[in-house]
Every structure is written in structure tokens, then in C-alpha cells.
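Novice: First the structure, which I've put down as C-alpha cells, then a few questions once you've had a look.
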Amino acid sequence: MTESASPWIGYQEGLAAGELRFQRCGDCARAVFYPRVVCPHCGSTALAWEISSGAGTVYATTVMRPHRQEPYNVCLVDLDEGFRLMSRVDRVPADGVRIGDRLRLLKEAGTAPVFVPADRS
Amino acid sequence: MNPLRGRLAVVGVAEADLGVVAPGLTEQDLIGQAATRALADAGIDRTEVDALFCASSVQPAPTLNAAEYLGIRPRYSDGSNIGGSSAISHLLYAAGAIEAGLIEVALIVYGSIQRSEAGRLITPASVSIWEEPFRPRWPLTMYALAASRHMHQYGTTREQMAEVAIAARRWAQLNPKAFERGPLSVEDVLTARLVCDPLGVRDCCLVTDGGGALVVTSAERARGAPKPAAHLLGCGVAHWHRDISQMPDLTVTAATESGARAFAMAGLGPADVDVVELYDAFTINPILFLEDLGFCAKGEGGEFVAGGRIGPGGELPVNTNGGGLSYCHPGMYGIFTVIEAVRQLRGEAGDRQQEGVEVALAHGNGAVLSSQATALLGTEATLN
């Protein structure tokens with residue numbers, strides 16, 4: 001008998017719907033990302049889905065400069081709900097991303113979560 | 001006192017051929033070279049080895065391959081792999097096994113032909129599904145992210161990071177086995193091609209072939225060894241994450257724990273250490289580890305390495321072999337920090353030998369600042 005659904009599939013279903021889903025622990029109340037079946041903070045299995053507002057801040061950033069290809073940004077983003085993920089910032093030059101920049105999620109269904117500057121339409 | 005303090009002694013060390021090895025040599029051949037040379041260094045016959053420790057970048061069960069190749073039949077076999085720090089973690093596990101009476105003589109060995117085979121780091125580590133969509137280059141991107149954060153938070157500069165590469169090169173110029181021995185200036189490092197901001201090519205370790213081996217045994221048995229033994233005074237292992245996006249604070253590594261454990265076991269502190277051998281995969285690494293191991297305060301690593309302090313003639317000799325940046329880097333470099341620590345303790349380090357070395361620190365880093373392992377090794381005089 002199946003006792004719990006796949007965290008990966010639940011996450012992918014969120015992306016397909018244009019949502020960035022994360023988990024909140026029912027016991028220690030901390031945010032959990034990436035999604036899993038046990039809370040890494042307290043060991044609880046009482047994890048429930050929440051949908052991120054998509055508002056976040058650049059925690060660390062770099063510019064990848066591959067040979068004979070366009071440079072591109074890779075960064076770590078701290079979401080306001082209290083979790084971090086790897087992503088990139090679009091609609092600015094690759095070297096135009098700064099630590100501390102405020103971001104918002106680009107809500108495009110079906111893709112990995114990418115961000116744009118918060119003040120950019 | 002911790003029962004493992006002084007329980008294990010390193011009695012044999014050796015490198016395989018380094019740099020670009022002869023065409024057709026395999027990583028197994030390099031393991032064979034390193035093992036044979038280290039056993040000769042220890043004056044111990046192959047048949048006396050009853051424990052084998054190997055971590056590999058290409059083999060899932062490397063002790064099976066190595067034992068078969070060497071004709072060794074171990075009763076204790078440990079292929080645990082936590083990345084480039086593995087060989088130092090193996091020292092701790094071997095000490096425990098000696099204390100438990102499970103083993104008498106252990107061989108810790110590593111080999112790789114990554115330069116000849118691929119010309120780049122060969123690693124079994126894949127980028128996780130949570131990071132892969134953003135096309136990071138493992139492990140380069142992850143260290144660049146850590147460097148960006150350290151610069152932002154503490155004002156660390158690219159010039160300070162360049163000082164790490166310069167110190168490594170100046171040490172390498174004293175080591176005939178080092179791969180890169182040409183002149184290198186701060187300007188050269190800063191103007192080198194940027195590969196992943198803020199890291200340029202000269203901020204990144206070498207890609208070479210090579211291998212290394214350590215022969216370890218009990219302190220009692222080590223008394224009969226032909227060369228002075230290097231005694232394991234303390235050893236600590238710690239890991240907190242696998243993916244960089246799961247690292248709680250990119251400016252604080254698990255070396256804070258591995259180092260504290262090693263120092264506590266040894267009953268020593270950073271001021272007691274005469275030479276420091278750190279895994280310098282990128283120029284930011286020694287800065288992080290000098291802070292996390294307690295040689296300077298958090299955030300002061302950039303300033304600490306400036307002005308030649310860690311180079312030849314400096315206050316604190318760091319990476320006296322030239323490090324992964326200039327001496328060799330066949331992938332999992334950790335074992336080479338122990339080899340150099342032992343040579344400095346024995347007084348065998350030639351032109352780069354430091355005077356009166358009683359305590360040496362060897363520190364390994366694995367994956368993307370993920371695992372950390374610290375060993376404190378000392379001369380016979382430090383045992384009591």
C-alpha cells in the first residue's frame with residue numbers, strides 16, 4: 001500500500017501549474033526545500049505543501065563563462081518563506097546580478113523556477 | 001585522553017608518477033606504483049597489509065580492484081568515498097580499527113589519470129536534479145558562489161585570493177615534483193581568463209594525473225620502522241550537505257567541526273601547528289579553511305593570506321608542496337596533504353623543508369565544500 005505521494009511529482013505538478021511549491025514542517029514550522037519525506041530540521045514526517053510568493057533575495061551569484069558561448073548567470077536565491085534554491089536571474093545581463101538584489105519569480109508554467117528583478121515587469 | 005590519540009602512525013608515504021604519466025598507464029597502475037613505493041618507504045612487505053582503504057572517482061568498489069591488482073588479501077576493506085577528503089577520513093577509521101584490534105597494517109591508496117584521459121576533473125558526482133536545470137559546472141560554479149558570498153560579506157578581494165595562488169607557486173618552485181613552477185604574479189592571476197566570476201583560471205587547481213599512498217600501523221609497531229613515524233595525534237570528520245544549495249552558510253564550512261574534533265583529540269590548538277597542508281581546489285578554499293580551523297577569525301582569511309604570510313619565509317607555512325594549485329591535482333587531492341605533512345615531520349622536504357616541525361596539519365575537502373576531514377600529525381616527541 002502506498003502511504004505517501006512522491007515529493008518530486010508533487011513539486012513537478014506545482015511547476016506545471018506555474019507554482020513554486022515548498023514544504024512546511026507541521027512540527028517545527030520551518031520551511032523545507034528541496035521537497036522530501038522527512039524534515040531535515042527536526043525529523044518529523046508531517047510535511048505539507050505550501051506555495052511560495054516567489055519573492056526572494058540573491059544570496060550568492062556567479063557568471064558562467066563557457067568557451068565560445070554566451071555567459072550566463074547562476075545564483076542562489078533565498079525565498080522570503082525561508083528556503084533557498086539554485087536558479088538564475090533573467091532580463092538582466094549575466095554580470096548584472098548582485099547579492100542582495102530583490103527578485104520575483106517568473107511564473108512560466110512547466111519550467112524550472114527562474115527569477116527576474118523585483119522591479120522589472 | 002582520547003584512546004585514539006597517538007594510536008596510529010604513518011610509516012610510509014609515496015606518490016605515483018605525477019603530472020602527465022606515460023601513455024597507456026591506468027589509474028590502477030598508478031595505484032600500484034604508489035602502493036609499492038609507500039611500502040618500500042615503510043619497510044613493510046605487501047603480504048603484511050591486512051587492511052585496504054581506497055576512494056575512487058571511477059570505481060564503485062575500488063578496494064576490490066586495488067586488492068586484486070596488488071595481490072593483497074585484506075581482512076578489512078573500506079572504500080568509503082566522501083570526495084577529496086576521503087583519505088584523511090580513512091586515517092580516523094584505520095585508527096579505530098587498530099584500537100579495536102581488527103587490523104595491524106593498512107594501506108590507503110589513490111590514483112587517477114584524469115589529465116591523460118579527459119583533460120578535466122573526472123568525478124562520479126553528478127549535479128542534482130535541483131541544480132541541473134541552471135547549468136552549473138560542477139564543482140567550479142559552486143566554489144565561485146562561495147567566493148562571491150565571502151567577498152560580499154567580508155570584503156575579501158580577488159587580490160587576496162590571488163595571494164593564495166602566488167604562495168602556492170612560490171612553494172612549488174621549491175618542489176621538483178611540482179607541475180607548474182614558472183613565475184606567477186598577482187597581476188597574472190587577476191588578468192587570467194575569467195571562467196566563473198570571481199574565479200579566473202589561475203584561481204583553479206590543476207588537472208593532472210597522479211596517485212598517492214600511505215602505509216599506517218600501530219604506534220608500537222611503528223617503533224621498528226626504518227624512518228621516523230608520523231603519529232596521528234588527532235583526526236576529525238564532518239559533513240553537512242551535498243549540494244551547494246543545501247549548504248547553510250556559504251562562508252562557514254564543516255571544517256569548523258572536523259578541525260575542532262581533531263584539535264580536541266590531540267589536545268592542541270592552531271598555535272601549536274608548525275606546517276599546514278590544506279586542500280586548495282580553488283583560491284578561496286585556504287581562506288575558508290584557515291578561518292574555520294581557527295588560524296584566524298571568520299572573515300579575516302583574505303587579510304591573513306596577504307603579504308606573503310603563507311608563502312616561503314612567511315609566518316605560517318601553508319601548502320609547502322605547492323598544493324593542488326601548482327604541485328599536482330589528480331582529482332581527490334586529500335592524500336597529498338598527508339604525504340607532505342609526513343615529509344615535513346621527517347625532515348625530508350628538501351628545499352622547502354621547514355625547521356623544527358613537530359606538528360603538522362593535513363586538511364581535506366570533499367565535493368563542493370561538502371565534507372571536511374582534518375588530521376594532526378606529530379613527531380615521536382609530541383606523543384606525551
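Following the order of the C-alpha cells, chains are lettered A, B, ..., residues in each are numbered from 1, and ligands are numbered from 1.
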Which residues, written as a PyMOL selection string, have at least one atom at most 8 Å from Gly294 of chain B, with only C-alpha atoms counted and residues fewer than 3 positions away on the same chain left out?

Specialist: chain B and resi 256+270+290-291+297

Novice: Compute the chain A side of the contact with chain B at 7 Å, counting only C-alpha atoms, and hand it back as a list of chain:residue names.

Specialist: A:Ala60, A:Thr61, A:Thr62, A:Val63, A:Met64, A:Arg65, A:Pro66, A:Val74, A:Leu76, A:Arg84, A:Leu85, A:Met86, A:Ser87, A:Arg88, A:Ala112

Novice: For Gln12 of chain A, which residue among A:Asp90, A:Cys25, A:Gly110, A:Asp80 is the nearest when counting only C-alpha atoms?

Specialist: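 When distances to Gln12 of chain A are compared using only C-alpha atoms, the smallest one comes from A:Gly110.
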
Novice: Any idea what's packed within 9 Å of Arg346 of chain B, counting only C-alpha atoms, ignoring anything in its chain fewer than 3 positions away? Could you give it as a list in words?

Specialist: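 Residues near the query, excluding close chain neighbours: Lys227, Pro228, Ala229, Ala230, Ala341, Val342, Arg343, Ala349, Val357 and Thr379 of chain B.
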
Novice: Emit the selected residues as a CSV table (one decimal), in the first residue's frame, including N, CA and C atoms.

Specialist:
chain,number,residue,atom,x,y,z
B,227,LYS,N,62.1,4.6,9.0
B,227,LYS,CA,62.1,6.1,9.1
B,227,LYS,C,61.2,6.6,10.2
B,228,PRO,N,61.4,7.8,10.7
B,228,PRO,CA,60.6,8.3,11.8
B,228,PRO,C,59.2,8.3,11.5
B,229,ALA,N,58.4,7.8,12.4
B,229,ALA,CA,56.9,7.7,12.2
B,229,ALA,C,56.3,9.1,12.4
B,230,ALA,N,55.2,9.3,11.7
B,230,ALA,CA,54.3,10.5,11.9
B,230,ALA,C,53.1,10.0,12.7
B,341,ALA,N,52.7,16.5,4.8
B,341,ALA,CA,52.8,16.7,6.3
B,341,ALA,C,53.8,15.7,6.8
B,342,VAL,N,53.8,14.4,6.4
B,342,VAL,CA,54.7,13.4,6.9
B,342,VAL,C,56.2,13.8,6.5
B,343,ARG,N,56.4,14.2,5.3
B,343,ARG,CA,57.7,14.6,4.8
B,343,ARG,C,58.3,15.7,5.6
B,349,ALA,N,61.8,17.2,3.3
B,349,ALA,CA,61.2,18.0,2.2
B,349,ALA,C,62.1,18.9,1.4
B,357,VAL,N,59.9,21.1,12.6
B,357,VAL,CA,58.5,20.8,12.5
B,357,VAL,C,58.1,19.6,13.5
B,379,THR,N,55.5,14.4,15.6
B,379,THR,CA,56.7,13.5,15.8
B,379,THR,C,56.6,12.7,17.1

Novice: Would you return as a list in words the members of segment 241-278 of chain B that DSSP assigns to strand (DSSP E) on this structure's backbone?

Specialist: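 Strand (DSSP E) members of segment 241-278 of chain B, listed: Val275, Val276, Glu277 and Leu278 of chain B.
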
Novice: Compile the contact shell of Leu105 of chain A as an MDAnalysis selection string: residues with an atom at most 7 Å away, counting only C-alpha atoms, same-chain residues fewer than 3 positions apart removed.

Specialist: chainID A and resid 54:55 113:116

Novice: Restricting it to N, CA and C atoms, dump the selection as a tab-separated table (two decimals), in the first residue's frame.

Specialist:
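As a result, result_37.tsv now contains:
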chain	number	residue	atom	x	y	z
A	54	GLY	N	7.11	33.70	-4.29
A	54	GLY	CA	8.05	33.97	-5.38
A	54	GLY	C	8.92	35.17	-5.12
A	55	ALA	N	8.79	35.79	-3.96
A	55	ALA	CA	9.64	36.95	-3.62
A	55	ALA	C	10.90	36.45	-2.92
A	113	PRO	N	12.16	26.96	-11.86
A	113	PRO	CA	11.89	28.32	-11.36
A	113	PRO	C	13.02	29.30	-11.63
A	114	VAL	N	12.72	30.31	-12.43
A	114	VAL	CA	13.68	31.36	-12.80
A	114	VAL	C	13.14	32.68	-12.29
A	115	PHE	N	14.07	33.61	-11.98
A	115	PHE	CA	13.66	34.87	-11.37
A	115	PHE	C	13.98	36.06	-12.27
A	116	VAL	N	13.34	37.17	-11.98
A	116	VAL	CA	13.66	38.45	-12.61
A	116	VAL	C	13.76	39.48	-11.49

Novice: Tell me, as JSON, numbers by chain, which residues lie within 8 Å of Gln23 of chain A, counting only C-alpha atoms; anything in the same chain fewer than 5 positions away does not count.

Specialist: {"A": [31, 32, 33, 35, 47, 48, 49, 50]}

Novice: For Ile287 of chain B, please output as JSON, numbers by chain all residues within 12 Å (counting only C-alpha atoms; exclusion window: fewer than 6 positions along the same chain).

Specialist: {"B": [146, 147, 150, 151, 154, 156, 157, 158, 160, 161, 162, 163, 164, 165, 251, 252, 253, 255, 278, 279, 280, 281, 293, 294, 295, 296, 297, 298, 299, 300, 301, 302, 303, 304, 305, 306, 310, 318]}

Novice: Can you write just those residues out, C-alpha atoms, as a PDB file, in the first residue's frame?

Specialist:
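What ended up in again.pdb:
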ATOM      1  CA  ALA B 146      31.041  30.574  -2.105  1.00  0.00           C
ATOM      2  CA  ALA B 147      33.725  33.075  -3.119  1.00  0.00           C
ATOM      3  CA  HIS B 150      32.753  35.653   1.165  1.00  0.00           C
ATOM      4  CA  MET B 151      33.672  38.747  -0.842  1.00  0.00           C
ATOM      5  CA  TYR B 154      33.719  40.194   4.476  1.00  0.00           C
ATOM      6  CA  THR B 156      37.585  39.671   0.632  1.00  0.00           C
ATOM      7  CA  THR B 157      39.220  40.723  -2.637  1.00  0.00           C
ATOM      8  CA  ARG B 158      40.406  38.955  -5.766  1.00  0.00           C
ATOM      9  CA  GLN B 160      43.806  38.459  -1.622  1.00  0.00           C
ATOM     10  CA  MET B 161      42.661  35.269  -3.321  1.00  0.00           C
ATOM     11  CA  ALA B 162      45.481  35.717  -5.843  1.00  0.00           C
ATOM     12  CA  GLU B 163      47.950  35.728  -2.929  1.00  0.00           C
ATOM     13  CA  VAL B 164      46.955  32.121  -2.275  1.00  0.00           C
ATOM     14  CA  ALA B 165      47.925  31.163  -5.838  1.00  0.00           C
ATOM     15  CA  THR B 251      31.156  31.222   4.314  1.00  0.00           C
ATOM     16  CA  VAL B 252      31.309  28.574   7.062  1.00  0.00           C
ATOM     17  CA  THR B 253      32.395  25.011   6.286  1.00  0.00           C
ATOM     18  CA  ALA B 255      35.948  22.274   8.871  1.00  0.00           C
ATOM     19  CA  LEU B 278      45.151  22.327   3.007  1.00  0.00           C
ATOM     20  CA  TYR B 279      43.156  21.095   0.033  1.00  0.00           C
ATOM     21  CA  ASP B 280      43.280  24.167  -2.219  1.00  0.00           C
ATOM     22  CA  ALA B 281      40.924  23.242  -5.046  1.00  0.00           C
ATOM     23  CA  LEU B 293      40.323  25.701  11.560  1.00  0.00           C
ATOM     24  CA  GLY B 294      40.978  28.640  13.877  1.00  0.00           C
ATOM     25  CA  PHE B 295      44.145  30.163  12.413  1.00  0.00           C
ATOM     26  CA  CYS B 296      42.310  33.473  12.093  1.00  0.00           C
ATOM     27  CA  ALA B 297      38.846  34.833  12.826  1.00  0.00           C
ATOM     28  CA  LYS B 298      35.912  34.336  10.454  1.00  0.00           C
ATOM     29  CA  GLY B 299      36.078  36.912   7.705  1.00  0.00           C
ATOM     30  CA  GLU B 300      39.770  37.704   8.218  1.00  0.00           C
ATOM     31  CA  GLY B 301      41.141  34.977   5.951  1.00  0.00           C
ATOM     32  CA  GLY B 302      41.660  37.298   2.997  1.00  0.00           C
ATOM     33  CA  GLU B 303      43.747  39.686   5.048  1.00  0.00           C
ATOM     34  CA  PHE B 304      45.531  36.755   6.720  1.00  0.00           C
ATOM     35  CA  VAL B 305      46.894  35.284   3.468  1.00  0.00           C
ATOM     36  CA  ALA B 306      48.056  38.662   2.136  1.00  0.00           C
ATOM     37  CA  ILE B 310      51.548  31.707   3.969  1.00  0.00           C
ATOM     38  CA  VAL B 318      50.740  26.665   4.138  1.00  0.00           C
TER      39      VAL B 318
END

Novice: Among segment 8-90 of chain A, which residues does DSSP mark as alpha helix (DSSP H) when it is run on the backbone? Keep the chain and numbering as in the structure and answer as a ChimeraX atom specification.

Specialist: /A:8-16

Novice: Could you save those same residues with C-alpha atoms as an mmCIF file, in the first residue's frame?

Specialist:
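Writing done, so here's result25.cif:
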data_model
loop_
_atom_site.group_PDB
_atom_site.id
_atom_site.type_symbol
_atom_site.label_atom_id
_atom_site.label_comp_id
_atom_site.auth_asym_id
_atom_site.auth_seq_id
_atom_site.Cartn_x
_atom_site.Cartn_y
_atom_site.Cartn_z
ATOM 1 C CA TRP A 8 9.278 15.039 -6.718
ATOM 2 C CA ILE A 9 5.993 14.541 -8.549
ATOM 3 C CA GLY A 10 4.193 16.940 -6.215
ATOM 4 C CA TYR A 11 6.835 19.554 -6.954
ATOM 5 C CA GLN A 12 6.646 18.969 -10.700
ATOM 6 C CA GLU A 13 2.850 19.276 -10.595
ATOM 7 C CA GLY A 14 3.363 22.671 -8.972
ATOM 8 C CA LEU A 15 5.764 23.804 -11.695
ATOM 9 C CA ALA A 16 3.330 22.608 -14.363
#

Novice: Mind pulling up the distance from atom CA of Leu79 of chain A to atom CA of Ala5 of chain A?

Specialist: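 Calculated distance between atom CA of Ala5 of chain A and atom CA of Leu79 of chain A is 24.6 Å.
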